[in-house]
Amino acid sequence: MAILSGIITGVLAQTSFLADTIFTDITVTYEWWVLFAMLIIVNQKHWIQAALKVLGFFLISQTLVFVVEWLLVKEFYFSYWYRWMEMA
C-alpha cells in the first residue's frame with residue numbers, strides 16, 4: 001500500500017494535463033493520507049503495532065513521492081520537504 005500510493009502520488013503530481021483536477025487532490029491535500037492511516041490503524045490489535053505501521057507507511061510512501069518526482073523532473077523540490085517538516 002505504501003509503495004503503490006507513493007508511486008501513484010509522485011506520478012500524479014507531475015502529470016501536467018491533470019493539474020488542478022480531482023485526480024491531483026492526493027498531491028496537495030491531506031485527507032487521502034488520513035484515510036490511509038485510519039485504514040491501517042483500524043486493522044491492528046495493539047496501539048504500538050498500529051503506530052509503527054503508520055510510521056512505516058509514511059516513511060516509505062513520502063520518500064517514494066519525492067523519488068518519483070525527482071526521476072520525472074530531474075529536480076528536487078525542497079519546498080515540499082519543508083512543508084511536511086513544519087506539519088510534523
# chains A, B, ... in the order shown; residues from 1 in each chain; ligands from 1
call {"tool": "residues_around", "arguments": {"residues": "segment 49-53 of chain A", "least_positions_apart": "6", "cutoff": "10 Å", "atoms": "only C-alpha atoms", "output": "ChimeraX atom specification"}}
result
/A:37-43,59
call {"tool": "select_by_dssp", "arguments": {"residues": "chain A", "states": "helix (DSSP H, G or I)", "output": "PDB file with C-alpha atoms, in the first residue's frame"}}
result
ATOM      1  CA  ALA A   2       2.814   2.400   0.861  1.00  0.00           C
ATOM      2  CA  ILE A   3       4.762   1.694  -2.301  1.00  0.00           C
ATOM      3  CA  LEU A   4       1.748   1.942  -4.580  1.00  0.00           C
ATOM      4  CA  SER A   5       0.390   5.136  -3.029  1.00  0.00           C
ATOM      5  CA  GLY A   6       3.834   6.773  -3.112  1.00  0.00           C
ATOM      6  CA  ILE A   7       4.418   5.982  -6.766  1.00  0.00           C
ATOM      7  CA  ILE A   8       0.909   6.997  -7.853  1.00  0.00           C
ATOM      8  CA  THR A   9       1.124  10.272  -5.943  1.00  0.00           C
ATOM      9  CA  GLY A  10       4.505  11.124  -7.444  1.00  0.00           C
ATOM     10  CA  VAL A  11       3.291  10.448 -10.975  1.00  0.00           C
ATOM     11  CA  LEU A  12       0.050  12.388 -10.495  1.00  0.00           C
ATOM     12  CA  ALA A  13       1.957  15.357  -9.083  1.00  0.00           C
ATOM     13  CA  SER A  16       0.585  18.352 -16.394  1.00  0.00           C
ATOM     14  CA  PHE A  17      -2.734  17.580 -18.112  1.00  0.00           C
ATOM     15  CA  LEU A  18      -4.225  16.533 -14.758  1.00  0.00           C
ATOM     16  CA  ILE A  22      -9.766  15.956  -8.755  1.00  0.00           C
ATOM     17  CA  PHE A  23      -7.047  13.432  -9.658  1.00  0.00           C
ATOM     18  CA  THR A  24      -4.305  15.563  -8.145  1.00  0.00           C
ATOM     19  CA  ASP A  25      -6.078  16.133  -4.816  1.00  0.00           C
ATOM     20  CA  ILE A  26      -3.944  13.436  -3.211  1.00  0.00           C
ATOM     21  CA  THR A  27      -0.849  15.500  -4.002  1.00  0.00           C
ATOM     22  CA  VAL A  28      -1.980  18.731  -2.354  1.00  0.00           C
ATOM     23  CA  GLU A  31      -7.469  13.874   3.513  1.00  0.00           C
ATOM     24  CA  TRP A  32      -6.362  10.854   1.480  1.00  0.00           C
ATOM     25  CA  TRP A  33      -3.357  10.349   3.748  1.00  0.00           C
ATOM     26  CA  VAL A  34      -5.565  10.455   6.852  1.00  0.00           C
ATOM     27  CA  LEU A  35      -7.810   7.836   5.218  1.00  0.00           C
ATOM     28  CA  PHE A  36      -4.817   5.578   4.523  1.00  0.00           C
ATOM     29  CA  ALA A  37      -3.593   5.967   8.108  1.00  0.00           C
ATOM     30  CA  MET A  38      -7.045   5.190   9.510  1.00  0.00           C
ATOM     31  CA  LEU A  39      -7.313   2.058   7.360  1.00  0.00           C
ATOM     32  CA  ILE A  40      -4.011   0.862   8.788  1.00  0.00           C
ATOM     33  CA  ILE A  41      -4.963   1.729  12.371  1.00  0.00           C
ATOM     34  CA  VAL A  42      -8.368   0.027  12.455  1.00  0.00           C
ATOM     35  CA  TRP A  47      -1.765   0.553  19.573  1.00  0.00           C
ATOM     36  CA  ILE A  48       2.018   0.137  19.288  1.00  0.00           C
ATOM     37  CA  GLN A  49       1.609  -2.077  16.232  1.00  0.00           C
ATOM     38  CA  ALA A  50      -0.706   0.487  14.642  1.00  0.00           C
ATOM     39  CA  ALA A  51       1.679   3.347  15.413  1.00  0.00           C
ATOM     40  CA  LEU A  52       4.699   1.548  13.960  1.00  0.00           C
ATOM     41  CA  LYS A  53       2.844   0.527  10.807  1.00  0.00           C
ATOM     42  CA  VAL A  54       1.558   4.061  10.207  1.00  0.00           C
ATOM     43  CA  LEU A  55       5.064   5.439  10.762  1.00  0.00           C
ATOM     44  CA  GLY A  56       6.476   2.902   8.302  1.00  0.00           C
ATOM     45  CA  PHE A  57       3.746   3.689   5.795  1.00  0.00           C
ATOM     46  CA  PHE A  58       4.520   7.400   5.826  1.00  0.00           C
ATOM     47  CA  LEU A  59       8.288   6.928   5.772  1.00  0.00           C
ATOM     48  CA  ILE A  60       8.053   4.693   2.712  1.00  0.00           C
ATOM     49  CA  SER A  61       5.296   6.477   0.798  1.00  0.00           C
ATOM     50  CA  GLN A  62       6.539  10.042   1.230  1.00  0.00           C
ATOM     51  CA  THR A  63      10.080   9.058   0.303  1.00  0.00           C
ATOM     52  CA  LEU A  64       8.779   7.396  -2.846  1.00  0.00           C
ATOM     53  CA  VAL A  65       6.777  10.501  -3.764  1.00  0.00           C
ATOM     54  CA  PHE A  66       9.950  12.578  -3.738  1.00  0.00           C
ATOM     55  CA  VAL A  67      11.985   9.938  -5.601  1.00  0.00           C
ATOM     56  CA  VAL A  68       9.364   9.563  -8.357  1.00  0.00           C
ATOM     57  CA  GLU A  69       9.055  13.337  -8.742  1.00  0.00           C
ATOM     58  CA  TRP A  70      12.821  13.646  -8.923  1.00  0.00           C
ATOM     59  CA  LEU A  71      13.024  10.921 -11.582  1.00  0.00           C
ATOM     60  CA  LEU A  72      10.332  12.593 -13.691  1.00  0.00           C
ATOM     61  CA  VAL A  73      11.500  16.210 -13.363  1.00  0.00           C
ATOM     62  CA  PHE A  78      12.914  21.222  -1.117  1.00  0.00           C
ATOM     63  CA  SER A  79       9.830  23.378  -0.524  1.00  0.00           C
ATOM     64  CA  TYR A  80       7.644  20.252  -0.273  1.00  0.00           C
ATOM     65  CA  TRP A  81      10.005  18.718   2.250  1.00  0.00           C
ATOM     66  CA  TYR A  82       9.971  21.852   4.404  1.00  0.00           C
ATOM     67  CA  ARG A  83       6.168  21.923   4.394  1.00  0.00           C
ATOM     68  CA  TRP A  84       5.979  18.350   5.658  1.00  0.00           C
ATOM     69  CA  MET A  85       8.531  19.065   8.368  1.00  0.00           C
ATOM     70  CA  GLU A  86       6.577  22.128   9.513  1.00  0.00           C
ATOM     71  CA  MET A  87       3.441  19.989   9.906  1.00  0.00           C
TER      72      MET A  87
END
call {"tool": "decode", "arguments": {"residues": "chain A", "atoms": "C-alpha atoms", "output": "PDB file, in the first residue's frame"}}
result
ATOM      1  CA  MET A   1       0.000   0.000   0.000  1.00  0.00           C
ATOM      2  CA  ALA A   2       2.814   2.400   0.861  1.00  0.00           C
ATOM      3  CA  ILE A   3       4.762   1.694  -2.301  1.00  0.00           C
ATOM      4  CA  LEU A   4       1.748   1.942  -4.580  1.00  0.00           C
ATOM      5  CA  SER A   5       0.390   5.136  -3.029  1.00  0.00           C
ATOM      6  CA  GLY A   6       3.834   6.773  -3.112  1.00  0.00           C
ATOM      7  CA  ILE A   7       4.418   5.982  -6.766  1.00  0.00           C
ATOM      8  CA  ILE A   8       0.909   6.997  -7.853  1.00  0.00           C
ATOM      9  CA  THR A   9       1.124  10.272  -5.943  1.00  0.00           C
ATOM     10  CA  GLY A  10       4.505  11.124  -7.444  1.00  0.00           C
ATOM     11  CA  VAL A  11       3.291  10.448 -10.975  1.00  0.00           C
ATOM     12  CA  LEU A  12       0.050  12.388 -10.495  1.00  0.00           C
ATOM     13  CA  ALA A  13       1.957  15.357  -9.083  1.00  0.00           C
ATOM     14  CA  GLN A  14       3.994  15.669 -12.271  1.00  0.00           C
ATOM     15  CA  THR A  15       1.275  14.966 -14.842  1.00  0.00           C
ATOM     16  CA  SER A  16       0.585  18.352 -16.394  1.00  0.00           C
ATOM     17  CA  PHE A  17      -2.734  17.580 -18.112  1.00  0.00           C
ATOM     18  CA  LEU A  18      -4.225  16.533 -14.758  1.00  0.00           C
ATOM     19  CA  ALA A  19      -3.174  19.722 -12.989  1.00  0.00           C
ATOM     20  CA  ASP A  20      -5.893  21.316 -10.835  1.00  0.00           C
ATOM     21  CA  THR A  21      -8.278  18.395 -11.224  1.00  0.00           C
ATOM     22  CA  ILE A  22      -9.766  15.956  -8.755  1.00  0.00           C
ATOM     23  CA  PHE A  23      -7.047  13.432  -9.658  1.00  0.00           C
ATOM     24  CA  THR A  24      -4.305  15.563  -8.145  1.00  0.00           C
ATOM     25  CA  ASP A  25      -6.078  16.133  -4.816  1.00  0.00           C
ATOM     26  CA  ILE A  26      -3.944  13.436  -3.211  1.00  0.00           C
ATOM     27  CA  THR A  27      -0.849  15.500  -4.002  1.00  0.00           C
ATOM     28  CA  VAL A  28      -1.980  18.731  -2.354  1.00  0.00           C
ATOM     29  CA  THR A  29      -4.404  17.785   0.425  1.00  0.00           C
ATOM     30  CA  TYR A  30      -4.043  15.544   3.430  1.00  0.00           C
ATOM     31  CA  GLU A  31      -7.469  13.874   3.513  1.00  0.00           C
ATOM     32  CA  TRP A  32      -6.362  10.854   1.480  1.00  0.00           C
ATOM     33  CA  TRP A  33      -3.357  10.349   3.748  1.00  0.00           C
ATOM     34  CA  VAL A  34      -5.565  10.455   6.852  1.00  0.00           C
ATOM     35  CA  LEU A  35      -7.810   7.836   5.218  1.00  0.00           C
ATOM     36  CA  PHE A  36      -4.817   5.578   4.523  1.00  0.00           C
ATOM     37  CA  ALA A  37      -3.593   5.967   8.108  1.00  0.00           C
ATOM     38  CA  MET A  38      -7.045   5.190   9.510  1.00  0.00           C
ATOM     39  CA  LEU A  39      -7.313   2.058   7.360  1.00  0.00           C
ATOM     40  CA  ILE A  40      -4.011   0.862   8.788  1.00  0.00           C
ATOM     41  CA  ILE A  41      -4.963   1.729  12.371  1.00  0.00           C
ATOM     42  CA  VAL A  42      -8.368   0.027  12.455  1.00  0.00           C
ATOM     43  CA  ASN A  43      -6.905  -3.273  11.270  1.00  0.00           C
ATOM     44  CA  GLN A  44      -4.434  -3.585  14.170  1.00  0.00           C
ATOM     45  CA  LYS A  45      -4.950  -5.177  17.578  1.00  0.00           C
ATOM     46  CA  HIS A  46      -2.413  -3.180  19.598  1.00  0.00           C
ATOM     47  CA  TRP A  47      -1.765   0.553  19.573  1.00  0.00           C
ATOM     48  CA  ILE A  48       2.018   0.137  19.288  1.00  0.00           C
ATOM     49  CA  GLN A  49       1.609  -2.077  16.232  1.00  0.00           C
ATOM     50  CA  ALA A  50      -0.706   0.487  14.642  1.00  0.00           C
ATOM     51  CA  ALA A  51       1.679   3.347  15.413  1.00  0.00           C
ATOM     52  CA  LEU A  52       4.699   1.548  13.960  1.00  0.00           C
ATOM     53  CA  LYS A  53       2.844   0.527  10.807  1.00  0.00           C
ATOM     54  CA  VAL A  54       1.558   4.061  10.207  1.00  0.00           C
ATOM     55  CA  LEU A  55       5.064   5.439  10.762  1.00  0.00           C
ATOM     56  CA  GLY A  56       6.476   2.902   8.302  1.00  0.00           C
ATOM     57  CA  PHE A  57       3.746   3.689   5.795  1.00  0.00           C
ATOM     58  CA  PHE A  58       4.520   7.400   5.826  1.00  0.00           C
ATOM     59  CA  LEU A  59       8.288   6.928   5.772  1.00  0.00           C
ATOM     60  CA  ILE A  60       8.053   4.693   2.712  1.00  0.00           C
ATOM     61  CA  SER A  61       5.296   6.477   0.798  1.00  0.00           C
ATOM     62  CA  GLN A  62       6.539  10.042   1.230  1.00  0.00           C
ATOM     63  CA  THR A  63      10.080   9.058   0.303  1.00  0.00           C
ATOM     64  CA  LEU A  64       8.779   7.396  -2.846  1.00  0.00           C
ATOM     65  CA  VAL A  65       6.777  10.501  -3.764  1.00  0.00           C
ATOM     66  CA  PHE A  66       9.950  12.578  -3.738  1.00  0.00           C
ATOM     67  CA  VAL A  67      11.985   9.938  -5.601  1.00  0.00           C
ATOM     68  CA  VAL A  68       9.364   9.563  -8.357  1.00  0.00           C
ATOM     69  CA  GLU A  69       9.055  13.337  -8.742  1.00  0.00           C
ATOM     70  CA  TRP A  70      12.821  13.646  -8.923  1.00  0.00           C
ATOM     71  CA  LEU A  71      13.024  10.921 -11.582  1.00  0.00           C
ATOM     72  CA  LEU A  72      10.332  12.593 -13.691  1.00  0.00           C
ATOM     73  CA  VAL A  73      11.500  16.210 -13.363  1.00  0.00           C
ATOM     74  CA  LYS A  74      15.198  15.757 -12.525  1.00  0.00           C
ATOM     75  CA  GLU A  75      14.869  18.458  -9.860  1.00  0.00           C
ATOM     76  CA  PHE A  76      14.294  18.073  -6.166  1.00  0.00           C
ATOM     77  CA  TYR A  77      11.821  20.492  -4.646  1.00  0.00           C
ATOM     78  CA  PHE A  78      12.914  21.222  -1.117  1.00  0.00           C
ATOM     79  CA  SER A  79       9.830  23.378  -0.524  1.00  0.00           C
ATOM     80  CA  TYR A  80       7.644  20.252  -0.273  1.00  0.00           C
ATOM     81  CA  TRP A  81      10.005  18.718   2.250  1.00  0.00           C
ATOM     82  CA  TYR A  82       9.971  21.852   4.404  1.00  0.00           C
ATOM     83  CA  ARG A  83       6.168  21.923   4.394  1.00  0.00           C
ATOM     84  CA  TRP A  84       5.979  18.350   5.658  1.00  0.00           C
ATOM     85  CA  MET A  85       8.531  19.065   8.368  1.00  0.00           C
ATOM     86  CA  GLU A  86       6.577  22.128   9.513  1.00  0.00           C
ATOM     87  CA  MET A  87       3.441  19.989   9.906  1.00  0.00           C
ATOM     88  CA  ALA A  88       5.291  17.313  11.841  1.00  0.00           C
TER      89      ALA A  88
END
